[in-house]
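protein32.cif (mmCIF, C-alpha atoms)
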data_structure
#
loop_
_atom_site.label_atom_id
_atom_site.label_comp_id
_atom_site.auth_asym_id
_atom_site.auth_seq_id
_atom_site.Cartn_x
_atom_site.Cartn_y
_atom_site.Cartn_z
CA MET A 298 4.37 10.73 27.42
CA THR A 299 6.93 8.05 26.67
CA ALA A 300 9.19 7.88 23.65
CA GLU A 301 7.00 5.17 22.14
CA VAL A 302 3.89 7.34 22.28
CA PHE A 303 5.70 10.35 20.86
CA LEU A 304 7.07 8.20 18.02
CA PHE A 305 3.61 6.87 17.25
CA TRP A 306 2.08 10.33 16.89
CA PHE A 307 5.02 11.66 14.90
CA LEU A 308 4.93 8.69 12.51
CA ALA A 309 1.14 8.85 12.24
CA ILE A 310 1.34 12.47 11.15
CA VAL A 311 4.15 11.73 8.69
CA THR A 312 2.37 8.79 7.10
CA VAL A 313 -1.03 10.49 6.84
CA VAL A 314 0.41 13.70 5.39
CA SER A 315 2.48 11.86 2.81
CA ALA A 316 -0.48 9.59 1.96
CA LEU A 317 -2.51 12.73 1.28
CA GLY A 318 0.45 13.85 -0.84
CA VAL A 319 0.04 10.72 -2.99
CA LEU A 320 -3.59 11.66 -3.48
CA PHE A 321 -3.21 15.38 -4.21
CA MET A 322 0.19 15.85 -5.87
CA PRO A 323 -0.45 16.90 -9.48
CA ASN A 324 2.66 15.23 -10.88
CA PRO A 325 2.92 11.41 -10.60
CA ILE A 326 6.62 11.59 -9.80
CA TYR A 327 5.91 13.65 -6.68
CA SER A 328 3.21 11.12 -5.79
CA ALA A 329 5.86 8.40 -6.00
CA PHE A 330 8.17 10.32 -3.67
CA SER A 331 5.30 10.84 -1.23
CA LEU A 332 4.59 7.13 -1.39
CA ILE A 333 8.23 6.37 -0.53
CA MET A 334 7.85 8.60 2.53
CA THR A 335 4.67 6.74 3.51
CA MET A 336 6.38 3.37 3.11
CA ILE A 337 9.28 4.42 5.33
CA GLY A 338 6.84 5.72 7.94
CA VAL A 339 4.89 2.44 7.88
CA SER A 340 8.18 0.55 8.19
CA ALA A 341 9.07 2.58 11.29
CA LEU A 342 5.62 1.79 12.68
CA PHE A 343 6.35 -1.91 12.10
CA ALA A 344 9.55 -1.52 14.11
CA LEU A 345 7.55 0.23 16.82
CA LEU A 346 5.24 -2.80 16.93
CA GLY A 347 8.16 -5.18 17.36
CA ALA A 348 8.16 -6.51 13.80
CA TYR A 349 11.80 -5.70 13.02
CA PHE A 350 12.21 -8.18 10.20
CA LEU A 351 9.09 -6.90 8.44
CA ALA A 352 10.32 -3.33 8.87
CA GLY A 353 13.49 -4.23 6.98
CA VAL A 354 11.59 -6.15 4.32
CA GLN A 355 9.20 -3.23 3.92
CA VAL A 356 12.04 -0.82 3.18
CA ILE A 357 13.82 -3.24 0.86
CA VAL A 358 10.79 -4.48 -1.08
CA TYR A 359 8.65 -1.34 -1.23
CA ALA A 360 10.95 1.64 -1.03
CA GLY A 361 13.76 -0.26 -2.68
CA ALA A 362 12.11 -2.35 -5.40
CA VAL A 363 8.50 -1.47 -6.10
CA LEU A 364 8.90 2.30 -6.00
CA VAL A 365 12.09 2.15 -8.08
CA LEU A 366 10.09 0.14 -10.61
CA PHE A 367 7.40 2.85 -10.60
CA VAL A 368 9.90 5.65 -11.07
CA MET A 369 11.71 3.82 -13.86
CA VAL A 370 8.46 3.11 -15.71
CA MET A 371 7.57 6.77 -15.34
CA MET A 372 10.78 7.67 -17.12
CA LEU A 373 9.42 5.86 -20.19
CA PHE A 374 6.40 8.10 -20.43
CA ASP A 375 5.65 11.60 -21.48
CA LEU A 376 3.64 12.70 -18.48
CA LYS A 377 2.78 16.26 -19.49
CA SER A 378 -0.84 15.43 -20.24
CA GLU A 379 -1.18 13.46 -17.02
CA ILE A 380 -0.52 16.33 -14.68
CA LYS A 381 -3.66 17.17 -12.69
CA ALA A 382 -5.59 14.22 -14.14
CA PHE A 383 -8.48 14.00 -11.72
CA THR A 384 -11.86 12.57 -12.61
CA LYS A 385 -14.34 15.01 -14.05
CA GLY A 386 -17.90 15.66 -12.95
CA THR A 387 -19.08 17.13 -9.68
CA LEU A 388 -21.93 14.64 -9.17
CA GLY A 389 -19.73 11.60 -9.66
CA GLY A 390 -17.09 13.07 -7.37
CA VAL A 391 -19.66 13.71 -4.64
CA PHE A 392 -20.89 10.14 -4.95
CA LYS A 393 -17.35 8.76 -4.76
CA ILE A 394 -16.40 10.82 -1.71
CA GLY A 395 -19.74 9.97 -0.11
CA SER A 396 -19.25 6.25 -0.60
CA VAL A 397 -15.74 6.45 0.83
CA ALA A 398 -17.11 8.39 3.82
CA VAL A 399 -19.73 5.68 4.38
CA LEU A 400 -17.02 3.01 4.26
CA ALA A 401 -14.89 5.00 6.70
CA GLY A 402 -17.82 5.25 9.11
CA LEU A 403 -18.44 1.51 8.85
CA ILE A 404 -14.80 0.64 9.54
CA LEU A 405 -14.62 3.14 12.38
CA SER A 406 -17.73 1.73 14.07
CA ALA A 407 -16.38 -1.80 13.59
CA ILE A 408 -13.14 -0.74 15.29
CA MET A 409 -15.11 0.89 18.11
CA VAL A 410 -17.17 -2.26 18.67
CA THR A 411 -14.32 -4.76 18.46
CA THR A 412 -11.90 -2.83 20.68
CA GLN A 413 -14.55 -2.27 23.34
CA GLY A 414 -13.17 -4.69 25.90
CA VAL A 415 -9.53 -4.28 24.86
CA ALA A 416 -7.40 -2.04 27.07
CA ILE A 417 -6.21 1.20 25.48
CA LYS A 418 -2.60 0.30 26.14
CA PHE A 419 -0.84 -2.72 24.65
CA GLN A 420 -0.39 -5.45 27.22
CA GLY A 421 3.11 -6.72 27.96
CA GLN A 422 6.33 -6.07 26.12
CA ALA A 423 6.77 -5.99 22.36
CA ASP A 424 8.52 -9.32 22.09
CA PHE A 425 7.58 -12.70 20.71
CA GLY A 426 9.96 -14.87 22.67
CA MET A 427 13.73 -14.79 22.37
CA GLN A 428 14.28 -14.45 18.65
CA PRO A 429 11.22 -13.23 16.72
CA THR A 430 12.89 -13.41 13.31
CA ARG A 431 13.98 -16.99 13.91
CA LEU A 432 10.45 -17.89 15.04
CA LEU A 433 9.09 -16.21 11.91
CA GLY A 434 11.40 -18.28 9.72
CA ASN A 435 10.44 -21.47 11.54
CA LYS A 436 6.74 -20.80 11.03
CA LEU A 437 7.25 -19.80 7.41
CA PHE A 438 9.09 -23.00 6.49
CA THR A 439 6.96 -25.44 8.47
CA GLN A 440 3.38 -24.37 9.01
CA TYR A 441 3.08 -22.08 5.98
CA VAL A 442 5.44 -23.83 3.59
CA ILE A 443 2.76 -24.68 1.01
CA ILE A 444 1.64 -21.06 0.70
CA PHE A 445 5.29 -20.08 0.43
CA GLU A 446 5.84 -22.49 -2.48
CA ILE A 447 2.66 -21.36 -4.21
CA LEU A 448 3.83 -17.76 -3.92
CA GLY A 449 7.13 -18.73 -5.50
CA ALA A 450 5.27 -20.25 -8.45
CA LEU A 451 3.09 -17.14 -8.63
CA LEU A 452 6.12 -14.88 -8.80
CA LEU A 453 7.53 -16.94 -11.67
CA VAL A 454 4.21 -16.71 -13.55
CA VAL A 455 4.07 -12.97 -12.93
CA ALA A 456 7.63 -12.45 -14.17
CA VAL A 457 6.89 -14.34 -17.40
CA GLY A 458 3.53 -12.59 -17.79
CA ALA A 459 4.98 -9.12 -17.30
CA VAL A 460 7.65 -9.72 -19.93
CA ALA A 461 5.09 -11.17 -22.35
CA LEU A 462 2.70 -8.24 -21.79
CA SER A 463 5.26 -5.52 -22.29
CA ARG A 464 6.62 -7.25 -25.42
CA SER A 465 3.16 -7.58 -26.93
CA LYS A 466 2.41 -6.45 -30.46
CA GLY A 467 2.71 -2.82 -31.39
CA GLY A 468 6.38 -2.31 -30.72
CA THR A 469 7.70 1.02 -29.57
CA HIS A 470 6.61 2.83 -32.74
CA ALA A 471 2.89 2.09 -32.65
CA ARG A 472 0.72 4.74 -34.24
CA ARG A 473 -1.87 6.57 -32.27
CA ILE A 474 -5.38 5.11 -32.52
CA ASP A 475 -8.27 7.45 -31.90
CA MET B 195 -10.68 9.31 28.44
CA LEU B 196 -9.43 11.64 25.73
CA ALA B 197 -6.23 12.50 27.56
CA GLU B 198 -5.64 8.81 28.19
CA SER B 199 -6.14 7.96 24.53
CA ILE B 200 -3.49 10.55 23.60
CA SER B 201 -0.92 9.60 26.22
CA GLU B 202 -1.35 5.83 25.77
CA ILE B 203 -1.32 4.03 22.44
CA GLY B 204 -2.79 0.67 21.66
CA LEU B 205 -4.55 -1.48 19.11
CA GLY B 206 -7.30 1.03 18.42
CA HIS B 207 -4.84 3.78 17.49
CA PHE B 208 -3.11 1.61 14.93
CA LEU B 209 -6.42 0.42 13.50
CA VAL B 210 -7.69 3.98 13.08
CA LEU B 211 -4.41 5.02 11.44
CA SER B 212 -4.69 2.01 9.13
CA MET B 213 -8.27 3.01 8.29
CA ILE B 214 -7.19 6.56 7.42
CA LEU B 215 -4.43 5.29 5.13
CA PHE B 216 -6.85 2.82 3.52
CA ILE B 217 -9.52 5.41 2.72
CA THR B 218 -6.85 7.77 1.39
CA GLY B 219 -5.74 5.04 -0.99
CA MET B 220 -9.33 4.32 -1.94
CA LEU B 221 -9.96 7.99 -2.71
CA GLY B 222 -6.85 7.91 -4.88
CA VAL B 223 -8.17 4.91 -6.81
CA LEU B 224 -11.57 6.55 -7.30
CA LEU B 225 -10.55 10.15 -8.00
CA ARG B 226 -7.34 10.00 -10.01
CA LYS B 227 -7.33 9.20 -13.73
CA ASN B 228 -3.63 8.50 -14.09
CA ILE B 229 -3.01 4.76 -14.05
CA LEU B 230 0.33 5.18 -12.25
CA THR B 231 -1.27 7.10 -9.41
CA VAL B 232 -4.08 4.54 -9.23
CA LEU B 233 -1.50 1.74 -8.88
CA MET B 234 0.33 3.70 -6.21
CA SER B 235 -2.93 4.17 -4.32
CA ILE B 236 -3.51 0.42 -4.46
CA GLU B 237 -0.06 -0.07 -2.89
CA LEU B 238 -1.09 2.40 -0.21
CA MET B 239 -4.24 0.40 0.55
CA LEU B 240 -2.24 -2.83 0.82
CA ASN B 241 0.15 -1.12 3.21
CA ALA B 242 -2.72 0.04 5.39
CA ILE B 243 -3.94 -3.55 5.65
CA ASN B 244 -0.40 -4.69 6.51
CA LEU B 245 -0.29 -2.17 9.33
CA SER B 246 -3.49 -3.49 10.86
CA PHE B 247 -2.23 -7.09 10.57
CA VAL B 248 0.99 -6.23 12.40
CA ALA B 249 -0.94 -4.31 15.06
CA TYR B 250 -3.12 -7.37 15.66
CA ALA B 251 -0.03 -9.61 15.80
CA ARG B 252 1.38 -7.33 18.50
CA SER B 253 -1.90 -7.19 20.36
CA LEU B 254 -2.52 -10.95 20.34
CA ASN B 255 1.20 -11.75 20.78
CA GLN B 256 1.16 -14.17 17.84
CA LEU B 257 3.41 -14.19 14.81
CA ASP B 258 0.87 -15.46 12.27
CA GLY B 259 -0.23 -11.93 11.43
CA GLN B 260 3.32 -11.03 10.47
CA ILE B 261 3.51 -14.03 8.15
CA ILE B 262 0.34 -12.92 6.39
CA VAL B 263 1.97 -9.50 5.95
CA PHE B 264 4.95 -11.24 4.36
CA PHE B 265 2.63 -12.89 1.83
CA ILE B 266 0.73 -9.66 1.16
CA MET B 267 4.01 -7.93 0.35
CA THR B 268 4.81 -10.62 -2.22
CA ILE B 269 1.38 -10.28 -3.81
CA ALA B 270 1.76 -6.49 -3.87
CA ALA B 271 5.09 -6.71 -5.66
CA ALA B 272 3.60 -9.12 -8.22
CA GLU B 273 0.59 -6.86 -8.70
CA ALA B 274 2.83 -3.84 -9.27
CA GLY B 275 4.82 -5.75 -11.88
CA VAL B 276 1.77 -6.85 -13.87
CA GLY B 277 0.09 -3.46 -13.51
CA LEU B 278 3.12 -1.61 -14.79
CA ALA B 279 3.44 -4.03 -17.72
CA LEU B 280 -0.19 -3.25 -18.61
CA VAL B 281 0.55 0.47 -18.32
CA VAL B 282 3.46 0.07 -20.71
CA ALA B 283 1.19 -1.81 -23.14
CA VAL B 284 -1.43 0.94 -22.96
CA PHE B 285 1.19 3.66 -23.39
CA LYS B 286 2.57 1.98 -26.50
CA ARG B 287 -0.83 2.05 -28.16
CA PHE B 288 -2.19 5.42 -27.07
CA LYS B 289 0.84 7.48 -26.05
CA GLU B 290 -0.93 8.39 -22.82
CA VAL B 291 -1.49 6.67 -19.49
CA ASN B 292 -5.07 7.53 -18.68
CA ILE B 293 -7.53 5.11 -17.15
CA ARG B 294 -10.07 5.65 -19.96
CA PHE B 295 -7.81 3.82 -22.44
CA PHE B 296 -8.12 0.58 -20.48
CA GLU B 297 -11.49 -0.09 -22.10
CA HIS B 298 -9.67 -0.70 -25.37
CA LEU B 299 -7.59 -3.57 -24.02
CA LYS B 300 -8.96 -6.75 -25.55
CA GLY B 301 -7.01 -9.96 -25.84
#

Just give me the structure as structure tokens.
Amino acid sequence: MTAEVFLFWFLAIVTVVSALGVLFMPNPIYSAFSLIMTMIGVSALFALLGAYFLAGVQVIVYAGAVLVLFVMVMMLFDLKSEIKAFTKGTLGGVFKIGSVAVLAGLILSAIMVTTQGVAIKFQGQADFGMQPTRLLGNKLFTQYVIIFEILGALLLVVAVGAVALSRSKGGTHARRID
Amino acid sequence: MLAESISEIGLGHFLVLSMILFITGMLGVLLRKNILTVLMSIELMLNAINLSFVAYARSLNQLDGQIIVFFIMTIAAAEAGVGLALVVAVFKRFKEVNIRFFEHLKG
């Protein structure tokens, strides 16, 4: 068992356990912390797969920005009534879990079929030429430059939209509507 | 076969791990009623997809998968921003962040 294999199993256990934490933690703030742990585990898996730049971006964007945004928005709320907010109804729950199980079976069989001829082990070394990050930048600014620009425009629209939404009518002293 | 699949890792392992993370996120979306947890589960699902993209990039030795992951991360950040703005709007009206209040959002 090499270090790579050991790391994979360790990280797999960490990510799956903390993902289950997101699902089952009663308090949303603990869910957020679990999600941070999952993100860091996924980032380490990226590094294991040779995607070092994406591993850094994953930590900066997800653990650093998105999750901080979540935690700060949570500070605005009174979350007492949200603790243990699961859906009600046994029948509906059974249907939901059943449909997810069916989807899992479908994906699993698709993986089985498509990886039939592929060797269990990854072939070759985990490198994409001399400088993978430089190659990534080259591809991003030549072949994919239009998508990149469109995403920039999208981010601008989203920033304006988020501000407009959270400043919408009602103010901070809106009365409760039943 | 089993011993080999434990002592050697490859594309299939990463795909199965990605599948497990994805269905965990999907269960979170379906079972939780708190909007914040639902949004976090959506982030989890996007991360699972990212993992499978990077695994394929490694397996095929091509960087295009990693670029798609880059774009997915941008979309995920944008989605989190808009989703949290909607949550703030709902909280202002109803003083609670439960998914059942989303049916009142009109215009």

Suppose you want the space between CA of Gln428 (chain A) and CA of Phe264 (chain B); what is it in Å?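 Rounded to one decimal, the two atoms are 17.4 Å apart.
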
State, in Å with one decimal place, the distance from CA of Tyr327 (chain A) to CA of Ala270 (chain B). 20.8 Å

Once the PyMOL selection byres ((chain A and resi 448-455) around 9) has been evaluated on this model, what residues remain selected, and can you format them as a ChimeraX atom specification? /A:443-447,456-460 /B:265,268-269,271-273,275-276

So, counting all atoms listed in the file, which residue among A:Val391, A:Val314, A:Ala352, A:Ile326 is closest to Val365 (chain A)?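 Nearest candidate to Val365 (chain A) out of A:Val391, A:Val314, A:Ala352, A:Ile326: A:Ile326.
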
Pull out every residue of chain B sitting within 6 Å of chain A, counting only C-alpha atoms, and send them as a list in words.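 That gives Ser201, Glu202, Ile203, Gly204, Gly222, Leu225, Arg226, Lys227, Val276, Ala279, Ala283, Arg287 and Phe288 of chain B for chain B.
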
Give me, please, the distance in Å between CA of Leu230 (chain B) and CA of Gly338 (chain A), quoted to one decimal.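 Spanning CA of Leu230 (chain B) to CA of Gly338 (chain A) is a straight-line distance of 21.2 Å.
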
Do a neighbour search on Met220 (chain B) at 8 Å with all atoms listed in the file, toss out local chain neighbours closer than 6 positions, and write the hits as a PyMOL selection string. (chain A and resi 397) or (chain B and resi 235-236+239)

Restricting the calculation to only C-alpha atoms, which member of B:Asn292, B:Leu233, B:Phe247, B:Ser253 is positioned closest to Gly219 (chain B)?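 Closest residue, counting only C-alpha atoms: B:Leu233.
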
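Taking all atoms listed in the file into account, Val223 (chain B) lies nearest to B:Ile293 out of the set B:Met267, B:Ala249, B:Ile293, B:Ile262.
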
Starting from the shown file, work through the PyMOL selection byres ((chain B and resi 216) around 8) and note down what comes out as an NGL selection string. :B and (212-215 or 217-220 or 238-240 or 242-243)

Copy region 281-293 of chain B out of the block into a file, keeping all heavy atoms, as an mmCIF file, in the first residue's frame.
data_model
loop_
_atom_site.group_PDB
_atom_site.id
_atom_site.type_symbol
_atom_site.label_atom_id
_atom_site.label_comp_id
_atom_site.auth_asym_id
_atom_site.auth_seq_id
_atom_site.Cartn_x
_atom_site.Cartn_y
_atom_site.Cartn_z
ATOM 1 N N VAL B 281 -32.492 34.114 0.608
ATOM 2 C CA VAL B 281 -32.741 33.711 1.995
ATOM 3 C C VAL B 281 -32.919 34.939 2.869
ATOM 4 O O VAL B 281 -33.822 34.983 3.717
ATOM 5 C CB VAL B 281 -31.587 32.834 2.510
ATOM 6 C CG1 VAL B 281 -31.767 32.528 3.965
ATOM 7 C CG2 VAL B 281 -31.521 31.547 1.737
ATOM 8 N N VAL B 282 -32.081 35.951 2.632
ATOM 9 C CA VAL B 282 -32.208 37.176 3.419
ATOM 10 C C VAL B 282 -33.565 37.828 3.158
ATOM 11 O O VAL B 282 -34.246 38.284 4.086
ATOM 12 C CB VAL B 282 -31.047 38.138 3.083
ATOM 13 C CG1 VAL B 282 -31.287 39.496 3.691
ATOM 14 C CG2 VAL B 282 -29.746 37.581 3.603
ATOM 15 N N ALA B 283 -34.000 37.821 1.874
ATOM 16 C CA ALA B 283 -35.305 38.404 1.551
ATOM 17 C C ALA B 283 -36.419 37.651 2.260
ATOM 18 O O ALA B 283 -37.338 38.269 2.829
ATOM 19 C CB ALA B 283 -35.515 38.381 0.033
ATOM 20 N N VAL B 284 -36.345 36.322 2.251
ATOM 21 C CA VAL B 284 -37.384 35.525 2.916
ATOM 22 C C VAL B 284 -37.359 35.768 4.423
ATOM 23 O O VAL B 284 -38.401 35.914 5.065
ATOM 24 C CB VAL B 284 -37.183 34.024 2.604
ATOM 25 C CG1 VAL B 284 -38.016 33.162 3.512
ATOM 26 C CG2 VAL B 284 -37.549 33.752 1.180
ATOM 27 N N PHE B 285 -36.156 35.863 4.991
ATOM 28 C CA PHE B 285 -36.071 36.056 6.438
ATOM 29 C C PHE B 285 -36.649 37.399 6.855
ATOM 30 O O PHE B 285 -37.280 37.528 7.897
ATOM 31 C CB PHE B 285 -34.619 35.942 6.895
ATOM 32 C CG PHE B 285 -34.465 36.089 8.367
ATOM 33 C CD1 PHE B 285 -34.821 35.053 9.211
ATOM 34 C CD2 PHE B 285 -33.998 37.258 8.923
ATOM 35 C CE1 PHE B 285 -34.700 35.182 10.585
ATOM 36 C CE2 PHE B 285 -33.875 37.394 10.290
ATOM 37 C CZ PHE B 285 -34.229 36.358 11.123
ATOM 38 N N LYS B 286 -36.459 38.418 6.007
ATOM 39 C CA LYS B 286 -36.997 39.735 6.342
ATOM 40 C C LYS B 286 -38.518 39.692 6.429
ATOM 41 O O LYS B 286 -39.112 40.336 7.285
ATOM 42 C CB LYS B 286 -36.598 40.725 5.250
ATOM 43 C CG LYS B 286 -35.241 41.351 5.435
ATOM 44 C CD LYS B 286 -35.129 42.414 4.381
ATOM 45 C CE LYS B 286 -33.745 42.903 4.192
ATOM 46 N NZ LYS B 286 -33.676 43.708 2.957
ATOM 47 N N ARG B 287 -39.134 38.938 5.545
ATOM 48 C CA ARG B 287 -40.597 38.891 5.545
ATOM 49 C C ARG B 287 -41.137 38.007 6.648
ATOM 50 O O ARG B 287 -42.112 38.346 7.317
ATOM 51 C CB ARG B 287 -41.099 38.342 4.202
ATOM 52 C CG ARG B 287 -41.094 39.330 3.087
ATOM 53 C CD ARG B 287 -42.196 40.365 3.230
ATOM 54 N NE ARG B 287 -43.499 39.833 2.896
ATOM 55 C CZ ARG B 287 -44.015 39.854 1.683
ATOM 56 N NH1 ARG B 287 -43.325 40.347 0.700
ATOM 57 N NH2 ARG B 287 -45.222 39.363 1.470
ATOM 58 N N PHE B 288 -40.548 36.839 6.862
ATOM 59 C CA PHE B 288 -41.207 35.823 7.688
ATOM 60 C C PHE B 288 -40.470 35.505 8.969
ATOM 61 O O PHE B 288 -40.929 34.698 9.753
ATOM 62 C CB PHE B 288 -41.382 34.542 6.872
ATOM 63 C CG PHE B 288 -42.171 34.735 5.625
ATOM 64 C CD1 PHE B 288 -41.559 34.773 4.397
ATOM 65 C CD2 PHE B 288 -43.542 34.916 5.689
ATOM 66 C CE1 PHE B 288 -42.280 34.969 3.251
ATOM 67 C CE2 PHE B 288 -44.275 35.113 4.539
ATOM 68 C CZ PHE B 288 -43.641 35.143 3.319
ATOM 69 N N LYS B 289 -39.332 36.128 9.181
ATOM 70 C CA LYS B 289 -38.545 35.900 10.397
ATOM 71 C C LYS B 289 -38.183 34.429 10.596
ATOM 72 O O LYS B 289 -38.032 33.961 11.711
ATOM 73 C CB LYS B 289 -39.307 36.404 11.639
ATOM 74 C CG LYS B 289 -39.645 37.867 11.602
ATOM 75 C CD LYS B 289 -38.410 38.713 11.661
ATOM 76 C CE LYS B 289 -38.769 40.165 11.381
ATOM 77 N NZ LYS B 289 -37.754 40.840 10.598
ATOM 78 N N GLU B 290 -38.105 33.678 9.543
ATOM 79 C CA GLU B 290 -37.731 32.276 9.631
ATOM 80 C C GLU B 290 -37.147 31.872 8.290
ATOM 81 O O GLU B 290 -37.543 32.436 7.266
ATOM 82 C CB GLU B 290 -38.965 31.413 9.926
ATOM 83 C CG GLU B 290 -38.789 30.467 11.102
ATOM 84 C CD GLU B 290 -40.044 29.668 11.354
ATOM 85 O OE1 GLU B 290 -41.002 30.199 11.935
ATOM 86 O OE2 GLU B 290 -40.056 28.513 10.929
ATOM 87 N N VAL B 291 -36.225 30.928 8.270
ATOM 88 C CA VAL B 291 -35.688 30.483 6.982
ATOM 89 C C VAL B 291 -36.090 29.040 6.754
ATOM 90 O O VAL B 291 -35.279 28.126 6.866
ATOM 91 C CB VAL B 291 -34.160 30.654 6.880
ATOM 92 C CG1 VAL B 291 -33.808 32.063 6.555
ATOM 93 C CG2 VAL B 291 -33.474 30.221 8.141
ATOM 94 N N ASN B 292 -37.343 28.841 6.424
ATOM 95 C CA ASN B 292 -37.826 27.503 6.134
ATOM 96 C C ASN B 292 -38.252 27.452 4.680
ATOM 97 O O ASN B 292 -38.696 28.441 4.124
ATOM 98 C CB ASN B 292 -39.004 27.182 7.043
ATOM 99 C CG ASN B 292 -39.295 25.710 7.084
ATOM 100 O OD1 ASN B 292 -39.569 25.125 6.055
ATOM 101 N ND2 ASN B 292 -39.221 25.113 8.255
ATOM 102 N N ILE B 293 -38.085 26.280 4.072
ATOM 103 C CA ILE B 293 -38.314 26.170 2.632
ATOM 104 C C ILE B 293 -39.788 26.425 2.287
ATOM 105 O O ILE B 293 -40.105 26.831 1.182
ATOM 106 C CB ILE B 293 -37.855 24.779 2.141
ATOM 107 C CG1 ILE B 293 -37.593 24.771 0.645
ATOM 108 C CG2 ILE B 293 -38.846 23.693 2.454
ATOM 109 C CD1 ILE B 293 -36.235 25.189 0.275
#
